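Structure data follow from protein_1.cif (mmCIF, C-alpha atoms):
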```cif
data_structure
#
loop_
_atom_site.label_atom_id
_atom_site.label_comp_id
_atom_site.auth_asym_id
_atom_site.auth_seq_id
_atom_site.Cartn_x
_atom_site.Cartn_y
_atom_site.Cartn_z
CA MET K 516 107.70 91.77 223.23
CA GLU K 517 104.07 92.29 224.19
CA SER K 518 102.97 91.40 227.68
CA LYS K 519 99.79 89.55 228.62
CA HIS K 520 98.51 92.84 230.02
CA ASP K 521 98.96 94.52 226.60
CA ASN K 522 97.13 91.68 224.89
CA TYR K 523 94.29 91.94 227.41
CA ASP K 524 94.04 95.70 226.74
CA ASP K 525 93.90 95.05 222.98
CA VAL K 526 91.11 92.49 223.42
CA LYS K 527 89.15 95.07 225.42
CA LEU K 528 89.77 97.67 222.69
CA VAL K 529 88.44 95.32 219.99
CA GLU K 530 85.26 94.87 222.04
CA GLU K 531 85.00 98.65 222.58
CA LEU K 532 85.47 99.33 218.86
CA ALA K 533 82.81 96.82 217.81
CA ASP K 534 80.40 98.40 220.34
CA SER K 535 81.26 101.95 219.22
CA VAL K 536 80.67 101.09 215.55
CA LYS K 537 77.19 99.78 216.39
CA LYS K 538 76.43 103.07 218.17
CA ILE K 539 77.81 105.13 215.25
CA LYS K 540 75.65 103.23 212.76
CA SER K 541 72.61 103.69 214.99
CA GLU K 542 73.20 107.46 215.17
CA ILE K 543 73.81 107.77 211.40
CA ALA K 544 70.55 105.87 210.76
CA LYS K 545 68.69 108.81 212.35
CA ALA K 546 69.53 110.87 209.26
CA ILE K 547 70.48 108.36 206.53
CA ILE K 548 68.16 105.65 205.24
CA GLY K 549 69.92 102.70 203.61
CA GLN K 550 73.51 102.97 202.30
CA ASP K 551 74.61 100.38 204.92
CA LYS K 552 77.47 99.11 202.77
CA ALA K 553 78.83 102.61 202.10
CA ILE K 554 78.65 103.49 205.82
CA ASN K 555 80.56 100.33 206.74
CA GLN K 556 83.25 101.09 204.16
CA LEU K 557 83.56 104.69 205.35
CA LEU K 558 84.21 103.43 208.89
CA ILE K 559 86.74 100.85 207.66
CA SER K 560 88.56 103.64 205.81
CA LEU K 561 88.49 105.93 208.88
CA PHE K 562 90.02 103.31 211.19
CA SER K 563 92.60 102.36 208.52
CA ARG K 564 93.79 106.00 208.23
CA GLY K 565 92.61 106.03 204.62
CA HIS K 566 90.64 108.57 202.60
CA CYS K 567 87.44 107.97 200.62
CA LEU K 568 86.11 109.11 197.26
CA LEU K 569 82.32 108.84 196.94
CA VAL K 570 80.95 108.82 193.41
CA GLY K 571 77.31 109.10 192.41
CA VAL K 572 74.78 111.22 190.59
CA PRO K 573 73.44 114.30 192.43
CA GLY K 574 70.72 113.69 195.01
CA LEU K 575 72.00 110.44 196.56
CA ALA K 576 72.79 112.14 199.92
CA LYS K 577 76.58 111.86 199.55
CA THR K 578 77.12 115.19 201.30
CA LEU K 579 74.51 114.46 203.99
CA LEU K 580 76.10 111.08 204.68
CA ILE K 581 79.54 112.63 205.26
CA LYS K 582 78.18 115.51 207.37
CA THR K 583 76.21 113.02 209.50
CA LEU K 584 79.30 110.83 210.00
CA ALA K 585 81.26 113.91 211.07
CA SER K 586 78.50 114.91 213.49
CA VAL K 587 78.73 111.61 215.41
CA LEU K 588 82.51 111.95 215.78
CA ASP K 589 83.76 114.57 218.23
CA LEU K 590 86.12 116.05 215.63
CA LYS K 591 86.65 119.39 213.91
CA PHE K 592 84.79 119.32 210.60
CA ASN K 593 85.17 121.59 207.55
CA ARG K 594 83.42 121.51 204.21
CA ILE K 595 85.15 122.79 201.08
CA GLN K 596 82.86 123.38 198.10
CA PHE K 597 84.99 122.85 195.01
CA THR K 598 84.18 125.27 192.18
CA PRO K 599 86.00 126.20 188.95
CA ASP K 600 87.33 129.45 190.49
CA LEU K 601 88.64 127.87 193.75
CA MET K 602 92.38 128.54 194.26
CA PRO K 603 94.94 126.35 196.13
CA ASN K 604 95.34 128.98 198.87
CA ASP K 605 91.57 128.87 199.46
CA ILE K 606 92.17 125.31 200.74
CA THR K 607 95.56 125.45 202.45
CA GLY K 608 95.64 129.01 203.75
CA THR K 609 97.98 131.91 203.02
CA ASP K 610 100.44 134.39 204.54
CA ILE K 611 99.22 137.95 205.09
CA ILE K 612 101.25 141.02 206.04
CA ASP K 613 100.60 142.30 209.57
CA GLU K 614 101.73 145.77 210.66
CA ASP K 615 102.38 146.56 214.31
CA PRO K 616 100.36 149.75 215.07
CA VAL K 617 103.08 151.10 217.40
CA SER K 618 106.41 150.12 215.84
CA LYS K 619 105.04 150.05 212.28
CA LYS K 620 107.07 146.86 211.83
CA ARG K 621 105.63 144.51 209.20
CA GLU K 622 105.75 140.72 209.31
CA PHE K 623 104.00 137.78 207.68
CA ARG K 624 101.27 135.95 209.57
CA PHE K 625 99.81 132.62 208.44
CA ILE K 626 96.03 132.35 208.15
CA SER K 627 95.08 128.67 208.07
CA GLY K 628 92.65 127.40 205.45
CA PRO K 629 89.75 124.94 205.83
CA VAL K 630 92.08 121.95 205.37
CA PHE K 631 93.09 122.43 209.03
CA ALA K 632 90.43 120.15 210.49
CA ASN K 633 90.05 116.45 211.34
CA VAL K 634 87.30 115.59 208.87
CA ILE K 635 87.30 117.34 205.49
CA LEU K 636 84.36 117.15 203.12
CA ALA K 637 85.74 117.96 199.66
CA ASP K 638 82.42 118.48 197.91
CA GLU K 639 82.40 117.86 194.14
CA ILE K 640 86.18 117.63 193.92
CA ASN K 641 86.04 117.19 190.14
CA ARG K 642 84.43 120.61 189.66
CA THR K 643 87.77 122.39 190.13
CA PRO K 644 90.92 122.37 187.94
CA PRO K 645 93.82 119.95 188.67
CA LYS K 646 96.07 122.62 190.28
CA THR K 647 93.52 123.18 193.05
CA GLN K 648 92.71 119.47 193.38
CA SER K 649 96.41 118.76 193.97
CA ALA K 650 96.57 121.21 196.91
CA LEU K 651 94.19 118.98 198.86
CA LEU K 652 95.67 115.72 197.59
CA GLU K 653 99.18 116.74 198.71
CA ALA K 654 97.85 117.48 202.20
CA MET K 655 96.21 114.02 202.22
CA GLN K 656 99.51 112.35 201.39
CA GLU K 657 101.90 114.38 203.53
CA HIS K 658 99.59 115.35 206.44
CA HIS K 659 101.04 118.83 206.36
CA VAL K 660 100.85 122.04 204.32
CA THR K 661 103.84 124.06 203.09
CA ILE K 662 103.36 127.80 202.55
CA ALA K 663 106.29 130.03 201.52
CA GLY K 664 108.80 127.36 202.57
CA LYS K 665 107.31 126.84 206.02
CA THR K 666 105.61 123.58 207.01
CA TYR K 667 102.39 123.46 209.05
CA PRO K 668 101.34 119.99 210.35
CA LEU K 669 97.73 118.79 210.19
CA ALA K 670 96.39 117.44 213.49
CA PRO K 671 95.46 113.73 213.58
CA PRO K 672 93.13 112.09 212.87
CA PHE K 673 92.97 113.55 209.35
CA PHE K 674 90.22 112.06 207.20
CA VAL K 675 89.29 113.36 203.74
CA LEU K 676 85.96 112.40 202.22
CA ALA K 677 85.60 113.68 198.68
CA THR K 678 82.43 113.53 196.61
CA GLN K 679 82.46 113.39 192.84
CA ASN K 680 79.78 113.46 190.19
CA PRO K 681 80.23 111.03 187.30
CA ILE K 682 82.84 112.25 184.81
CA GLU K 683 80.33 112.20 181.96
CA GLN K 684 78.58 115.21 183.45
CA GLU K 685 79.42 118.65 182.08
CA GLY K 686 81.89 120.99 183.78
CA THR K 687 84.05 118.33 185.45
CA TYR K 688 87.81 117.75 185.59
CA PRO K 689 88.67 114.04 185.98
CA LEU K 690 91.18 113.25 188.73
CA PRO K 691 94.48 111.88 187.29
CA GLU K 692 95.29 108.23 188.10
CA ALA K 693 98.20 109.17 190.42
CA GLN K 694 95.89 111.39 192.47
CA LEU K 695 93.09 108.83 192.54
CA ASP K 696 95.61 106.37 194.01
CA ARG K 697 95.74 108.47 197.20
CA PHE K 698 92.19 107.46 198.02
CA MET K 699 91.97 104.16 199.86
CA PHE K 700 88.41 103.49 198.68
CA ASN K 701 86.40 104.55 195.65
CA LEU K 702 82.77 104.06 196.69
CA TRP K 703 79.92 104.23 194.19
CA LEU K 704 76.57 105.07 195.72
CA ASP K 705 73.60 103.34 194.12
CA TYR K 706 70.02 104.56 193.89
CA PRO K 707 67.93 103.56 196.92
CA SER K 708 65.39 100.74 196.68
CA VAL K 709 61.73 101.71 196.24
CA LYS K 710 61.07 100.91 199.92
CA GLU K 711 64.05 103.06 201.02
CA GLU K 712 63.04 105.92 198.74
CA VAL K 713 59.50 105.91 200.16
CA GLU K 714 61.03 106.19 203.66
CA ILE K 715 63.42 108.95 202.50
CA VAL K 716 60.58 111.01 201.03
CA ARG K 717 58.42 110.45 204.12
CA SER K 718 61.11 111.64 206.56
CA THR K 719 62.53 114.52 204.48
CA THR K 720 59.13 116.07 203.71
CA SER K 721 58.02 116.05 207.36
CA ASN K 722 59.13 118.23 210.27
CA TYR K 723 61.45 115.49 211.59
CA VAL K 724 64.91 116.87 212.46
CA PRO K 725 67.58 114.24 213.18
CA ASN K 726 69.84 114.93 216.13
CA PRO K 727 72.76 112.43 216.11
CA VAL K 728 74.74 112.08 219.35
CA LYS K 729 78.54 112.16 219.35
CA VAL K 730 80.09 108.74 219.94
CA LEU K 731 83.91 108.91 219.59
CA SER K 732 86.60 111.49 220.40
CA ALA K 733 89.80 112.15 218.46
CA GLU K 734 91.89 110.30 221.09
CA GLN K 735 89.67 107.21 220.87
CA ILE K 736 89.80 107.19 217.06
CA ILE K 737 93.62 107.41 217.08
CA GLN K 738 93.70 104.56 219.61
CA PHE K 739 91.52 102.41 217.35
CA GLN K 740 93.63 103.34 214.29
CA ASP K 741 96.75 102.17 216.16
CA LEU K 742 94.91 98.96 217.07
CA VAL K 743 94.22 98.17 213.38
CA LYS K 744 97.96 98.24 212.68
CA LYS K 745 98.55 95.68 215.47
CA VAL K 746 96.00 93.13 214.19
CA PRO K 747 97.84 89.92 213.16
CA VAL K 748 97.30 88.57 209.63
CA ALA K 749 98.00 85.03 208.41
CA ASP K 750 100.51 84.68 205.57
CA ASN K 751 97.96 83.06 203.26
CA VAL K 752 95.68 86.12 203.58
CA ILE K 753 98.52 88.51 202.66
CA GLU K 754 99.57 86.25 199.78
CA TYR K 755 95.99 86.17 198.48
CA ALA K 756 95.82 90.00 198.45
CA VAL K 757 99.20 90.37 196.74
CA ASN K 758 98.41 87.67 194.16
CA ILE K 759 95.15 89.39 193.18
CA VAL K 760 96.90 92.76 192.82
CA THR K 761 99.84 91.42 190.79
CA LYS K 762 97.43 89.66 188.42
CA THR K 763 96.02 93.09 187.43
CA ARG K 764 99.35 94.02 185.77
CA PRO K 765 99.25 93.26 182.02
CA ALA K 766 103.05 93.39 181.60
CA LEU K 767 103.57 90.29 183.78
CA GLU K 768 103.78 86.97 181.94
CA THR K 769 101.77 85.23 184.66
CA SER K 770 98.80 87.63 184.34
CA PRO K 771 95.58 86.11 182.92
CA ASP K 772 94.88 86.59 179.21
CA PHE K 773 91.85 88.79 179.86
CA ILE K 774 94.07 91.20 181.84
CA LYS K 775 96.47 91.51 178.90
CA GLN K 776 93.51 91.98 176.58
CA TRP K 777 91.56 94.59 178.58
CA ILE K 778 93.92 96.39 180.99
CA ARG K 779 96.23 99.29 180.12
CA TRP K 780 97.56 99.80 183.64
CA GLY K 781 97.28 97.61 186.75
CA ALA K 782 97.28 98.34 190.48
CA GLY K 783 100.46 99.16 192.42
CA PRO K 784 101.68 97.96 195.85
CA ARG K 785 99.52 100.52 197.65
CA ALA K 786 96.50 98.44 196.60
CA SER K 787 97.91 95.37 198.42
CA GLN K 788 98.55 97.46 201.53
CA TYR K 789 95.03 98.89 201.53
CA LEU K 790 93.45 95.46 200.98
CA ILE K 791 95.15 94.14 204.12
CA LEU K 792 94.40 97.27 206.18
CA ALA K 793 90.74 97.10 205.11
CA ALA K 794 90.58 93.40 206.00
CA LYS K 795 92.09 94.11 209.43
CA ALA K 796 89.68 96.97 210.13
CA LYS K 797 86.65 94.97 208.98
CA ALA K 798 87.63 92.05 211.23
CA ILE K 799 87.95 94.08 214.42
CA ILE K 800 84.88 96.20 213.64
CA GLU K 801 83.00 92.90 213.65
CA GLY K 802 84.67 91.85 216.92
CA ARG K 803 87.11 89.34 215.37
CA PHE K 804 90.82 89.34 216.18
CA SER K 805 92.26 88.44 212.75
CA PRO K 806 91.01 88.82 209.16
CA ASN K 807 90.40 86.06 206.65
CA ILE K 808 90.36 85.89 202.84
CA SER K 809 86.66 86.84 202.66
CA ASP K 810 87.53 90.15 204.39
CA VAL K 811 90.02 90.87 201.60
CA GLN K 812 87.43 89.91 198.97
CA ASP K 813 84.95 92.42 200.42
CA ALA K 814 87.51 95.20 199.86
CA LEU K 815 88.50 94.23 196.29
CA ILE K 816 86.07 96.48 194.40
CA PRO K 817 86.43 99.73 196.44
CA VAL K 818 90.24 99.37 196.60
CA LEU K 819 90.89 98.29 192.99
CA ARG K 820 88.10 100.04 191.06
CA HIS K 821 90.09 103.27 190.54
CA ARG K 822 93.51 101.59 190.30
CA ILE K 823 92.80 99.41 187.26
CA ILE K 824 92.79 101.35 183.98
CA THR K 825 91.02 99.65 181.10
CA ASN K 826 92.10 100.04 177.47
CA PHE K 827 90.22 100.66 174.20
CA ASN K 828 89.54 96.95 173.72
CA ALA K 829 87.69 96.81 177.04
CA GLU K 830 85.72 99.98 176.31
CA ALA K 831 84.72 98.62 172.89
CA GLU K 832 83.40 95.46 174.56
CA GLY K 833 81.64 97.36 177.36
CA ILE K 834 84.05 96.02 179.99
CA ASN K 835 84.81 98.19 183.05
CA SER K 836 87.20 97.74 185.97
CA VAL K 837 84.50 96.22 188.22
CA THR K 838 83.85 93.46 185.66
CA VAL K 839 87.60 92.72 185.61
CA ILE K 840 87.82 92.63 189.43
CA GLU K 841 84.84 90.27 189.69
CA LYS K 842 86.42 87.99 187.07
CA LEU K 843 89.71 87.97 189.02
CA ALA K 844 87.92 87.22 192.30
CA SER K 845 86.11 84.25 190.78
CA MET K 846 89.32 82.58 189.55
#
```
Once you've parsed the file, please lay out its structure as structure tokens.
Amino acid sequence: MESKHDNYDDVKLVEELADSVKKIKSEIAKAIIGQDKAINQLLISLFSRGHCLLVGVPGLAKTLLIKTLASVLDLKFNRIQFTPDLMPNDITGTDIIDEDPVSKKREFRFISGPVFANVILADEINRTPPKTQSALLEAMQEHHVTIAGKTYPLAPPFFVLATQNPIEQEGTYPLPEAQLDRFMFNLWLDYPSVKEEVEIVRSTTSNYVPNPVKVLSAEQIIQFQDLVKKVPVADNVIEYAVNIVTKTRPALETSPDFIKQWIRWGAGPRASQYLILAAKAKAIIEGRFSPNISDVQDALIPVLRHRIITNFNAEAEGINSVTVIEKLASM
């Protein structure tokens, strides 16, 4: 049973988190113009212990956005550039044979790969074959790496931000549905507005060099992640999230007709979990102590977009998963 003192500490933490998020956004704005929605969703994912997939055409500052976010967090950051010739061991690390110069005794020594960091930028993850993709995705799920039968834990917090160019572009390997499901959010970055693009061109073609200041440490982030788990949620909010997710499954009799007509595969229980975690994180980031249904609604598209698989009927009619989600949300 929680004491009044514990509750008071949690209230203070909510206030601290809301204040820290404002500072983080202010520091990111030194380097990134616009993309406010994407930044907010990245922070929600971070504090929910989720991972993010950012999709967009080249040149939308996906990589810069992630590097800037990492620079304002006092965490170890590594970037992995995914290429067709990248091997799994290039990500996880490998055993090498060491020989003692005196005794001449040989033994294996583990050399850790770039996945051993707090924030991982997996740049253009769909440029590498599935075998290499899965090396990172297993680490995301298990929070450890196994080499030659030995397990090496990854230090918390562990946050993977992967960028992906649209599948239609040449030289890409689409992520399988089961691997996509390991990402909490699938964020699509839009082109900037004319006003934003003018500001982007002005700042990037001058001698201005942004210098973001670090805001949060690893210990503080873990504390805030633990706080998200403790946020209370009303039953009607959980029921709303679960009802939306179950309606995406065409095999259920109670699913709407348009789901049966357009959807090949619906979202699983992980989608319901992520909707509630996202709603909790959004509430406390905004200084509120419990989420409401509108918080769940804000997370519907990034959580469900990559978990709803449309069929040939939908493709023939020009229907995508976002259209389906918006139709569900308006019911």
### Query
For Phe700 in chain K, which residue among K:Tyr789, K:Phe631, K:Tyr667, K:Trp780 is the nearest when counting all atoms listed in the file?
K:Tyr789
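What separates CA of Asp750 in chain K from CA of Ala793 in chain K is a distance of 15.8 Å.
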### Task
Would you list the contacts of range 565-568 of chain K as a list of chain:residue names, taking every protein, DNA or RNA residue within 6 Å and counting only C-alpha atoms, but skipping same-chain residues closer than 5 positions in sequence?
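Residues meeting the cut-off are K:Ser560, K:Phe674, K:Val675, K:Leu676, K:Ala677, K:Thr678, K:Phe698, K:Met699, K:Phe700, K:Asn701.
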### Query
Between CA of Arg779 in chain K and CA of Arg822 in chain K, what is the distance, to one decimal in Å?
10.8 Å
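Interatomic distance, CA of Asn633 in chain K to CA of Lys797 in chain K: 21.9 Å.
Between Leu590 in chain K and the residues K:Leu819, K:Ile635, K:Leu690, K:Val757, the shortest atom-to-atom distance, using all atoms listed in the file, involves K:Ile635.
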